[in-house]
Structures are given as structure tokens and as C-alpha cells.
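Report on one structure; see the data block that follows.
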Amino acid sequence: MEKYKKIIQSEALFPTFIQLGSVDKLASLAIKKLGVKGLGLKLTTLEGSSTFGELTAALTIVGSGRVVTKSEIYPDLRSKFSEQLLDSSNKNPETKILTDMLLKNKRNDIAFVTLGDFNVGDGKVHIGLKILDGEKNIFKSMTLTKADLDKLHIQDISLAIKKQFVADRALRLLLDALHIDHTEILFQPQNVSEPLFNLRKNFVLRNVFKFLKGRKLAFCESATGGLGVKSLTDTEGGSDNLSFGKVLYNTDEKLEAGVLDTSVAEDNLYGRATALDLAKIVKVNKNIIAIGITGLLDTGDTRLGYEDKKPGDMYYTILISGRGPVTEKISLPIRSRLEMKTGLMLAIFVKLLQILIQEEMKAEVKKLEMVKKTR
């Protein structure tokens, strides 16, 4: 058991500073425009392995509850939506088929789809953007290849940088459609200035993968806005351990997905009951470890009845078959939204690792007891 003690006693480490990348800056421009009172456009995303939550995470860094509604993230969009894509009567590009599906029966909405993978199939990534604004129906698309990555002239193009590059190009497509100039913002990856943070995160996630034992992770996020899936898949091997992710960023989407009215009455969508409900939404089978996340980041909620909800108070639930739910509260130091979200995700992964190692230790004890009985 000694070999596990160091890992179990690990504590989460918060980054001291994160330099925003071009994706964050472009998303901020878009949200400021879309958040203008009276514009009324809502945004939803469907992301595959080329971005894995990168797009949604960027769009929710600046606090965009009035704009972003929800996101779904899958390792293989083509398999997930094969029935829609194989409709022989539809000659449209795949990204248009999926954006049409997202915005069916809607009038004032924006839909993003990222499809394909630089390392799978034809090596192409496709981006689709559809905007419904009153009577306007705008569809724009873009295809990226490995040759586009080569133009970055970055020596080490990691998984994280590839995802940021696709999200960067997707957001430029949106800004062009909104007639917002972005030419002064050059592509630039995010940079965490704390090397120890990256080392700890990679150490924790590699050990999480080791102890999953064939199970996969599913996320249902509110306040973290897709950063759970993004953080997992930034790490080598992370995508192999992801089942899917959902981001439910406003009240209506939470209720429609399965958050209970009793949870709303109990904690106004910011507490333990909601975190548990969110985890239950993605706990679709026994081989999935589900994580639900909610809470308030850097700003409070001034609405009547929400006065007791403090900025920095976050709640998460981890659901694992065969044991009761683990629901915890974390009070975050008030920093930038990205730093708070990033630190929170590491804290959740540390807790998950501790749970998985405790399972392993119990299994080893049980095995030893069985050996003793057979002697």
C-alpha cells in the first residue's frame, strides 16, 4: 500500500498565471458583440475530436450565460450521428447537415460544428457555422489540413495546440460573419506560466488513465463550460478515456436535460443537488464514471433568492457504479475565470484519482484475504 500513499496525499495546485491565447481573445470579441442587449442570438456547439470542448471553453471564459446555451462533445461525431449523415436524400456537406439539425425549428440562433481529425481518415478537419437571425439564414464552412498546421511554424505542435488552432479558425469564421475585425490578433496558444502545475496535471491524469480499468469518463458541466473535456483531451491518451461531454450553460437547458425542479428549489442550480443531477444525466451505463460540475465563478448572482450564493463556491459530483455519489464543495480563490476553472478541474481529477486508488487498494486487500483463505 505504500506505493499509493504519495499519490493519494497529492493536493491540487492552482496556476498562478495563464496567458490568454488567440482563441480566448477571439471568443471575447464574439461574446461582446453577441451579448449586446437586443441582439438576441444564442449559440450552441457540437464538437468532435478536432476541438474536444476547446471552442465552448473559450466562449465561456468571459461569462456568457446570455449567449451560450449548450454544447455536446463526442470523440466520433460521424459514428454518433451516422443516421443523419447517411441520409442519401441530403447532398449537403456533413457540417451543414449537423448545423441544420442543431437549429431545427429555431429562429435566432448560431450553431458551430467541428468534424474530422488531422490524424484519422483523410486527415481533414471541417468547420461549419450557421446563423439564423430573423429571416437571414447564413451558412459558412471551412476545411483545414495538416498543411495548415505546418504554416504555424511551431516546433512542437501538441494536442492542445492543434485544438486551439481549429477553434481559432472557427471563431474567425464567426467574427467575419459578424463583420468584426480580428486581423490584429495573430494565432497564439495559451501558456500556463507555472511548470509545476503542468507537471502535476500530467502526473495526475496519467495515473487516472491507469486506474480506470476500461471505464470511460463523461462530463456534464455548467460553470466550467467544457474545460473538463478540454483538460482531459489536452493530455496524450485522454481522448481514449472520454465517453462524451455535455455543457448546459443556462437554466432552460439544464431543466430540459434532466435537472430536477426540486434541485432548483433547493440550491438554485448552484449547489450539491444540481451537481448530482448533472452527473446523473451523463451516467448512461455502468462503465461510465460521470462528473457533474456547477457553481459560481468570479461574480455573484444578484437575483432575488440567490443572495447566499457566493462567488468561488463550486460543487461537483463523481458517480461511479457500485458506490455512492461523491459530492464536494470547493471554495476557489477569486482570480481570472480561466485560472479558477483550470485549478478546479485539477482538484476534481485529484479527487477522482484518490477514489480510484482507494478502489485498487480495497481490491488488493480482498485478493490477499482470498489467498489466505485458500491456504
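The way I read the labels, and the way they are meant: chains A, B, ... in the order of the C-alpha cells, residue 1 as the first residue of every chain, and ligand 1 as the first ligand shown, with later ones counted on from there.
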
Using only C-alpha atoms, I'd like a table of the residues in segment 245-286 of chain A that come within 8 Å of segment 72-89 of chain A; for each, show the closest atom pair and its distance in Å rounded to one decimal, ordered by chain and ascending number, as CSV.
residue,atom,partner,partner_atom,distance
A:Gly245,CA,A:Ile73,CA,4.9
A:Lys246,CA,A:Glu72,CA,4.6
A:Val247,CA,A:Glu72,CA,6.4

So that I can check the surroundings of Leu29 of chain A, please list as a ChimeraX atom specification every protein, DNA and RNA residue that reaches within 10 Å of it, counting only C-alpha atoms and ignoring chain neighbours fewer than 6 positions away.
/A:35,59,62,171,175,180-182

Dump of N, CA and C atoms for the selected residues, as a CSV table (one decimal), in the first residue's frame:
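Wrote it out as result_18.csv, contents follow:
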chain,number,residue,atom,x,y,z
A,35,GLY,N,-23.4,39.6,-27.0
A,35,GLY,CA,-24.1,39.9,-25.7
A,35,GLY,C,-24.7,41.3,-25.6
A,59,LEU,N,-15.5,30.2,-25.4
A,59,LEU,CA,-16.7,31.1,-25.4
A,59,LEU,C,-17.3,31.3,-24.0
A,62,VAL,N,-15.4,34.3,-20.7
A,62,VAL,CA,-15.7,35.7,-20.4
A,62,VAL,C,-17.1,35.9,-19.7
A,171,LEU,N,-13.6,30.5,-34.8
A,171,LEU,CA,-14.0,31.8,-34.3
A,171,LEU,C,-13.8,33.0,-35.3
A,175,LEU,N,-16.5,35.7,-36.5
A,175,LEU,CA,-16.2,37.1,-36.5
A,175,LEU,C,-16.4,37.8,-37.9
A,180,ILE,N,-16.7,41.7,-37.7
A,180,ILE,CA,-15.8,42.2,-36.6
A,180,ILE,C,-14.4,42.0,-37.1
A,181,ASP,N,-13.6,43.0,-37.0
A,181,ASP,CA,-12.2,42.9,-37.5
A,181,ASP,C,-11.4,42.1,-36.4
A,182,HIS,N,-10.6,41.2,-36.9
A,182,HIS,CA,-9.7,40.4,-36.0
A,182,HIS,C,-8.3,40.3,-36.5

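Proximity ranking of A:Ala218, A:Val350, A:Ile131, A:Ala170 relative to Leu34 of chain A places A:Ile131 first, based on only C-alpha atoms.
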
For segment 264-270 of chain A, please output as number ranges by chain all residues within 10 Å (counting only C-alpha atoms; exclusion window: fewer than 5 positions along the same chain).
A: 222-223, 250-251, 254-255, 259, 275, 277-278, 293-296, 305-306, 308-310, 313-315

The selected residues should be written to file as a short mmCIF file (atom, residue, chain, number, x, y, z; two decimals), in the first residue's frame (atoms: C-alpha atoms).
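Wrote it out as out_30.cif, contents follow:
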data_model
loop_
_atom_site.label_atom_id
_atom_site.label_comp_id
_atom_site.auth_asym_id
_atom_site.auth_seq_id
_atom_site.Cartn_x
_atom_site.Cartn_y
_atom_site.Cartn_z
CA SER A 222 -22.14 24.18 -16.16
CA ALA A 223 -19.70 26.77 -14.80
CA ASN A 250 -28.39 28.09 -18.87
CA THR A 251 -31.42 27.18 -16.78
CA LYS A 254 -30.45 22.15 -17.54
CA LEU A 255 -34.13 21.53 -16.89
CA VAL A 259 -32.07 18.63 -13.69
CA ALA A 275 -24.14 18.77 -9.27
CA ASP A 277 -28.37 15.77 -11.18
CA LEU A 278 -25.81 16.84 -13.80
CA ILE A 293 -19.99 20.45 -12.11
CA THR A 294 -21.84 23.63 -11.12
CA GLY A 295 -21.36 26.78 -9.05
CA LEU A 296 -20.44 30.46 -9.32
CA GLY A 305 -33.25 34.38 -3.69
CA TYR A 306 -29.63 33.96 -4.78
CA ASP A 308 -26.43 33.25 -0.30
CA LYS A 309 -24.60 32.01 -3.40
CA LYS A 310 -21.03 33.25 -3.11
CA ASP A 313 -18.20 28.36 -4.40
CA MET A 314 -18.17 25.35 -6.74
CA TYR A 315 -19.77 21.93 -6.40
#

How would you write, as a PyMOL selection string, the set of residues in segment 151-319 of chain A that DSSP gives as alpha helix (DSSP H)?
chain A and resi 159-177+195-211+227-233+251-257+261-267+272-282

Using only C-alpha atoms, determine which residues lie at most 12 Å from segment 326-331 of chain A, disregarding the query and same-chain residues fewer than 6 positions distant; provide the list as JSON, numbers by chain.
{"A": [12, 270, 271, 272, 273, 274, 275, 276, 277, 278, 279, 289, 290, 291, 292, 293, 294, 295, 296, 297, 298, 309, 310, 311, 312, 313, 314, 315, 316, 317, 318, 319, 320, 340, 341, 343, 344, 345, 346, 347, 348, 351, 352, 354, 355]}

Please write the residues from the selection above to a file, keeping C-alpha atoms, as a PDB file, in the first residue's frame.
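And here's again-v7.pdb as it stands now:
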ATOM      1  CA  ALA A  12      -4.426  20.241  -6.328  1.00  0.00           C
ATOM      2  CA  TYR A 270     -25.621  26.277  -7.907  1.00  0.00           C
ATOM      3  CA  GLY A 271     -25.224  23.549  -5.282  1.00  0.00           C
ATOM      4  CA  ARG A 272     -24.954  19.883  -4.346  1.00  0.00           C
ATOM      5  CA  ALA A 273     -28.330  18.751  -5.657  1.00  0.00           C
ATOM      6  CA  THR A 274     -27.662  20.211  -9.097  1.00  0.00           C
ATOM      7  CA  ALA A 275     -24.142  18.768  -9.272  1.00  0.00           C
ATOM      8  CA  LEU A 276     -25.623  15.323  -8.576  1.00  0.00           C
ATOM      9  CA  ASP A 277     -28.367  15.772 -11.178  1.00  0.00           C
ATOM     10  CA  LEU A 278     -25.811  16.835 -13.795  1.00  0.00           C
ATOM     11  CA  ALA A 279     -23.714  13.740 -13.130  1.00  0.00           C
ATOM     12  CA  ILE A 289     -17.654   7.440 -14.463  1.00  0.00           C
ATOM     13  CA  ALA A 290     -19.786  10.586 -14.536  1.00  0.00           C
ATOM     14  CA  ILE A 291     -18.735  14.036 -13.338  1.00  0.00           C
ATOM     15  CA  GLY A 292     -21.202  16.903 -12.831  1.00  0.00           C
ATOM     16  CA  ILE A 293     -19.993  20.450 -12.114  1.00  0.00           C
ATOM     17  CA  THR A 294     -21.842  23.626 -11.123  1.00  0.00           C
ATOM     18  CA  GLY A 295     -21.355  26.781  -9.047  1.00  0.00           C
ATOM     19  CA  LEU A 296     -20.441  30.464  -9.316  1.00  0.00           C
ATOM     20  CA  LEU A 297     -17.080  31.654 -10.532  1.00  0.00           C
ATOM     21  CA  ASP A 298     -15.889  35.249 -10.141  1.00  0.00           C
ATOM     22  CA  LYS A 309     -24.598  32.011  -3.404  1.00  0.00           C
ATOM     23  CA  LYS A 310     -21.027  33.250  -3.112  1.00  0.00           C
ATOM     24  CA  PRO A 311     -18.540  33.730  -5.957  1.00  0.00           C
ATOM     25  CA  GLY A 312     -15.925  30.993  -5.933  1.00  0.00           C
ATOM     26  CA  ASP A 313     -18.200  28.358  -4.395  1.00  0.00           C
ATOM     27  CA  MET A 314     -18.166  25.353  -6.741  1.00  0.00           C
ATOM     28  CA  TYR A 315     -19.769  21.928  -6.404  1.00  0.00           C
ATOM     29  CA  TYR A 316     -19.019  18.688  -8.184  1.00  0.00           C
ATOM     30  CA  THR A 317     -20.254  15.102  -8.076  1.00  0.00           C
ATOM     31  CA  ILE A 318     -18.400  11.971  -9.141  1.00  0.00           C
ATOM     32  CA  LEU A 319     -20.644   8.975  -9.851  1.00  0.00           C
ATOM     33  CA  ILE A 320     -19.083   5.507 -10.023  1.00  0.00           C
ATOM     34  CA  MET A 340     -10.292  29.352 -11.462  1.00  0.00           C
ATOM     35  CA  LYS A 341     -11.694  26.796 -13.888  1.00  0.00           C
ATOM     36  CA  GLY A 343      -7.489  24.893 -10.863  1.00  0.00           C
ATOM     37  CA  LEU A 344     -10.933  23.440 -10.175  1.00  0.00           C
ATOM     38  CA  MET A 345     -10.522  20.784 -12.860  1.00  0.00           C
ATOM     39  CA  LEU A 346      -7.184  19.686 -11.430  1.00  0.00           C
ATOM     40  CA  ALA A 347      -8.768  19.454  -7.972  1.00  0.00           C
ATOM     41  CA  ILE A 348     -11.535  17.236  -9.394  1.00  0.00           C
ATOM     42  CA  LYS A 351     -10.152  13.592  -6.087  1.00  0.00           C
ATOM     43  CA  LEU A 352     -11.062  11.122  -8.822  1.00  0.00           C
ATOM     44  CA  GLN A 354      -7.811   9.262  -4.899  1.00  0.00           C
ATOM     45  CA  ILE A 355     -11.122   7.390  -5.291  1.00  0.00           C
TER      46      ILE A 355
END

Would you compute the distance between atom CA of Leu98 of chain A and atom CA of Gly128 of chain A? Give it in Å to one decimal.
8.3 Å

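Using only C-alpha atoms, the nearest neighbour of Phe349 of chain A within the list A:Leu260, A:Val208, A:Met142, A:Met361 is A:Val208.
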
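Between Asp240 of chain A and the residues A:Ser49, A:Ser141, A:Lys372, A:Lys25, the shortest atom-to-atom distance, using only C-alpha atoms, involves A:Ser49.
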